[in-house]
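**Student:** Before I ask anything, let me first share the structure, which is written out below as structure tokens.
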Amino acid sequence: MQSLVQKYDLKACLLAALLGVLLPLSMAPFHWWALGLLSTAGFAAMVCGPQSTPGFRVRLLRSLSFGLGVYGVGASWIFVSIHDYGDASIALSLLLITPFIFFLALLLATPFVLLGRTLTPPSNLLSTHHGLALVMLIIFPSIWTIGEWFRGWVFSGFPWLYLGYGHTDTWLSGWAPIVGVLGVSWITAFCGALLAFLFMLKLPIKANNVRPKTGVGVAIAALLPATLFWLGGAYLQTVSWTQPSGNPLSIGLVQPALPLSLKWDPYKLPAIFEQYRADTESLLHNDLVIWPESAIPRFQHEVMGYLDSVAAAANETQTALITGIPTAETNDRQNSEPGNYYSKYYNSVIGLGMASGVYHKQHLVPFGEYVPFEKWLRGTIAFFDLPMSAFNSGPAEQPLITAKGAIIATAICYEIAYAELVRKSATHANLILTLSNDTWFGKSIGPKQHFQIARMRAIENEKPLIRATNDGISALIDYDGRVTAVSPSFQRTTLEGTLEPRTGLTPFGRAGSYPILLLSFIVIVIALYRTRRPENK
């Protein structure tokens, strides 16, 4: 059998890569959610049970190939940032993105390789389908979920392309306010593995030359929780965990659609000022007016005169204005060197007019907002010298921005992908705000994925969400993830609508992802313990 695996290992790896390609197609902008089930079904069949001829090399190659398919397609938008806006050639862009894709694929493969022994049914259960069902329907989803959690924090984290995001618009989203996106991923992995198990019922499973008994009973038992997951999710979509608080707020969003080449040109600053002033004047009848991330491409202290005039106009109409803008923290001028009055720089959101408060971004994007190994990389190519790429991380505990009775949990751009970060800030908030500048990703699939992730944060916390961007996708999202207003991408425009702030906490808002992670860890610990126990003869 081992020689057979070696002979067809290349074909198996190519199949695994193809299965990986299917997974991002289940998410935005494609929304073919069934392909996520098919992807995990095929992957589960390749790494679980006796048919896969378990072994370190086999699981490593198959898992790695699967990960290359997932990230080669799902994270392809990073190429746009490097090539189109980092001024790197196609060859250099590919050279830079390939190790990154390989690294992400390796992270995906890691738990399946390290915990591979748990994916083989105990020998005393191999003669039945019970052992295979245990591995595929309980252990596999748990390892999958632990893997997503692991990729969400290791090396600052890349919480992207989680399996659960493919179900933002299916019945399974009803579980998100209870178990979060990781819990939805567990359920989806279970359903995908169930498809693989039903297929494998037709395959002979041999242990000690004993042919297995029928697995029909096991299949029926497994179909019951799958049915409950889907029908239960449909019912949970009708349950409200949070309640309205206060009157609905009228909201206006400014989407300037400023090209990056113009935005960072110092000679264009007066024109930018005038554009924001003109677009904002038509929105000042609203309670809130929102500008996108780094709307004004200068530090706050450099443009205080302009900001003061905008704030005065907002005060006249009792309007709260919130904008993204870089800020700087001052040194003690008596002890600092001449001219060096600022020690830290932040990607921030500030409140003006009837809004108050400041938020500094905590999770910075490598190379976009800070440059790892800056001493060696800075200046080598334009990509490592992007504007505003020397920020500091904001503190973990920050006061929330308030505006017209709304208490606002803020996430800047990439931060919206961190479910726990948003959950913690949304605990005492009744509105979620995310500002972004997805211009860096052009017309790739990245902005659509980013938008879907933002919708999931609204569903998890059952709090309405405002998304303001430079050139799309700007939108108002209700507490159930439903989009109530959205702007066309790549156009200078304004968007208006209303959202009703909500108070209270969902089960996920109270406990986060910890329950599903604890369950998954317990399953894996028990499975590891069984692999170390001598089998009963």
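FYI, nothing fancy with the structure tokens labels: chains A, B, ... in order, residues from 1 per chain, ligands from 1 as they appear.
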For A:Pro256, please output as a list in words all residues within 8 Å (counting only C-alpha atoms; exclusion window: fewer than 4 positions along the same chain).

**Tutor:**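 Within the cut-off, the hits are Gln275, Tyr276, Asn470, Asp471, Gln491, Arg492 and Thr493 of chain A.
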
**Student:** Residues within 12 Å of A:Leu108, please, as a VMD selection string. Count only C-alpha atoms; anything in the same chain fewer than 3 positions from it doesn't count.

**Tutor:** chain A and resid 20 59 to 71 101 to 105 111 to 114 143 to 152 154 158 to 162

**Student:** Using only C-alpha atoms, tabulate the residues of stretch 69-134 of chain A lying at most 12 Å from any atom of stretch 175-193 of chain A, each with its closest atom pair and that distance in Å to one decimal, by chain and increasing residue number, as a tab-separated table.

**Tutor:**
```
residue	atom	partner	partner_atom	distance
A:Leu132	CA	A:Ala193	CA	10.5
A:Ala133	CA	A:Ala193	CA	9.0
A:Leu134	CA	A:Ala193	CA	10.7
```

**Student:** Stretch 107-290 of chain A: which residues are helix (DSSP H, G or I) by DSSP, as an MDAnalysis selection string?

**Tutor:** chainID A and resid 107:114 116:119 123:125 129:151 154:156 163:167 171:200 216:236 260:263 266:281

**Student:** I'd like the interatomic distance between atom CA of A:Thr319 and atom CA of A:Ser356, to a tenth of an Å.

**Tutor:**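 Atom CA of A:Thr319 sits 11.5 Å away from atom CA of A:Ser356.
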
**Student:** To one decimal place in Å, what is the distance between atom CA of A:Asn286 and atom CA of A:Thr469?

**Tutor:**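 One can read the atom CA of A:Asn286 to atom CA of A:Thr469 distance as 18.3 Å.
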
**Student:** For A:Ile453, work out the shell of residues within 12 Å, counting only C-alpha atoms and skipping chain neighbours fewer than 6 positions away, then give it as an MDAnalysis selection string.

**Tutor:** chainID A and resid 27:29 159:169 180:181 413:419 422 434 446:447 459:460 465 467 477 481

**Student:** For the selection just defined, write its residues with N, CA and C atoms to a file, as a short mmCIF file (atom, residue, chain, number, x, y, z; two decimals), in the first residue's frame.

**Tutor:**
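again.cif, freshly written:
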```cif
data_model
loop_
_atom_site.label_atom_id
_atom_site.label_comp_id
_atom_site.auth_asym_id
_atom_site.auth_seq_id
_atom_site.Cartn_x
_atom_site.Cartn_y
_atom_site.Cartn_z
N MET A 27 -16.93 31.70 -0.51
CA MET A 27 -17.05 33.00 0.15
C MET A 27 -17.24 34.11 -0.89
N ALA A 28 -17.32 35.33 -0.40
CA ALA A 28 -17.45 36.48 -1.29
C ALA A 28 -16.19 36.56 -2.18
N PRO A 29 -16.34 36.98 -3.43
CA PRO A 29 -17.56 37.48 -4.07
C PRO A 29 -18.37 36.41 -4.78
N PRO A 159 -6.39 36.15 10.26
CA PRO A 159 -7.72 35.54 10.45
C PRO A 159 -8.60 35.72 9.22
N TRP A 160 -8.19 35.12 8.15
CA TRP A 160 -8.84 35.30 6.85
C TRP A 160 -9.25 33.93 6.31
N LEU A 161 -10.25 33.88 5.48
CA LEU A 161 -10.67 32.65 4.79
C LEU A 161 -11.10 31.57 5.77
N TYR A 162 -11.74 31.96 6.84
CA TYR A 162 -12.31 30.97 7.75
C TYR A 162 -13.52 30.33 7.08
N LEU A 163 -13.65 29.04 7.27
CA LEU A 163 -14.70 28.27 6.61
C LEU A 163 -16.09 28.83 6.91
N GLY A 164 -16.29 29.33 8.13
CA GLY A 164 -17.61 29.83 8.52
C GLY A 164 -18.06 31.06 7.78
N TYR A 165 -17.12 31.83 7.21
CA TYR A 165 -17.52 33.04 6.49
C TYR A 165 -18.36 32.73 5.26
N GLY A 166 -18.24 31.53 4.73
CA GLY A 166 -19.04 31.16 3.58
C GLY A 166 -20.52 31.05 3.88
N HIS A 167 -20.89 31.13 5.17
CA HIS A 167 -22.29 30.94 5.56
C HIS A 167 -22.90 32.19 6.18
N THR A 168 -22.37 33.34 5.79
CA THR A 168 -22.94 34.60 6.26
C THR A 168 -24.41 34.73 5.85
N ASP A 169 -24.79 34.12 4.73
CA ASP A 169 -26.15 34.25 4.21
C ASP A 169 -26.90 32.92 4.18
N GLY A 180 -19.97 32.10 17.35
CA GLY A 180 -19.03 32.88 16.56
C GLY A 180 -18.65 32.18 15.26
N VAL A 181 -17.80 32.84 14.49
CA VAL A 181 -17.43 32.28 13.19
C VAL A 181 -16.66 30.97 13.34
N CYS A 413 -9.88 49.03 9.49
CA CYS A 413 -9.49 48.17 8.38
C CYS A 413 -9.38 46.71 8.78
N TYR A 414 -8.17 46.18 8.77
CA TYR A 414 -7.88 44.76 8.99
C TYR A 414 -8.36 44.28 10.35
N GLU A 415 -8.51 45.19 11.32
CA GLU A 415 -8.90 44.78 12.67
C GLU A 415 -10.27 44.13 12.71
N ILE A 416 -11.13 44.42 11.75
CA ILE A 416 -12.47 43.86 11.77
C ILE A 416 -12.43 42.34 11.62
N ALA A 417 -11.31 41.80 11.15
CA ALA A 417 -11.18 40.35 10.99
C ALA A 417 -10.90 39.65 12.32
N TYR A 418 -10.55 40.42 13.36
CA TYR A 418 -10.24 39.83 14.67
C TYR A 418 -11.52 39.80 15.51
N ALA A 419 -12.16 38.64 15.53
CA ALA A 419 -13.47 38.51 16.18
C ALA A 419 -13.41 38.86 17.66
N VAL A 422 -13.04 42.72 18.28
CA VAL A 422 -14.30 43.42 18.06
C VAL A 422 -15.29 43.08 19.17
N THR A 434 -16.34 50.51 11.45
CA THR A 434 -15.06 50.12 10.86
C THR A 434 -14.76 51.03 9.68
N GLY A 446 -10.28 40.79 -2.64
CA GLY A 446 -10.00 41.16 -1.25
C GLY A 446 -11.06 42.03 -0.60
N PRO A 447 -11.46 43.16 -1.23
CA PRO A 447 -12.47 44.01 -0.59
C PRO A 447 -13.80 43.31 -0.35
N ILE A 459 -23.26 40.14 12.87
CA ILE A 459 -24.10 39.00 13.24
C ILE A 459 -23.68 38.43 14.58
N GLU A 460 -22.38 38.25 14.80
CA GLU A 460 -21.89 37.67 16.05
C GLU A 460 -22.33 38.48 17.26
N LEU A 465 -23.62 47.89 12.22
CA LEU A 465 -22.24 48.19 11.86
C LEU A 465 -22.19 49.19 10.70
N ARG A 467 -19.67 50.84 7.85
CA ARG A 467 -18.40 50.60 7.16
C ARG A 467 -18.16 51.74 6.17
N ILE A 477 -24.91 48.28 7.84
CA ILE A 477 -25.25 46.88 8.05
C ILE A 477 -26.06 46.77 9.34
N GLY A 481 -26.79 41.41 10.18
CA GLY A 481 -25.91 41.24 9.04
C GLY A 481 -26.51 41.67 7.72
#
```

**Student:** Using only C-alpha atoms, which protein or nucleic acid residues come within 9 Å of A:Gly394? Drop anything in the same chain fewer than 4 positions from it, and give the result as a ChimeraX atom specification.

**Tutor:** /A:346-348,359-363,398

**Student:** Within 12 Å of A:Ile296, counting only C-alpha atoms, which residues qualify if same-chain residues fewer than 3 places away don't, as a count of residues only?

**Tutor:** 40

**Student:** To one decimal in Å, tell me the separation between atom CA of A:Leu35 and atom CA of A:Trp171.

**Tutor:** 15.8 Å
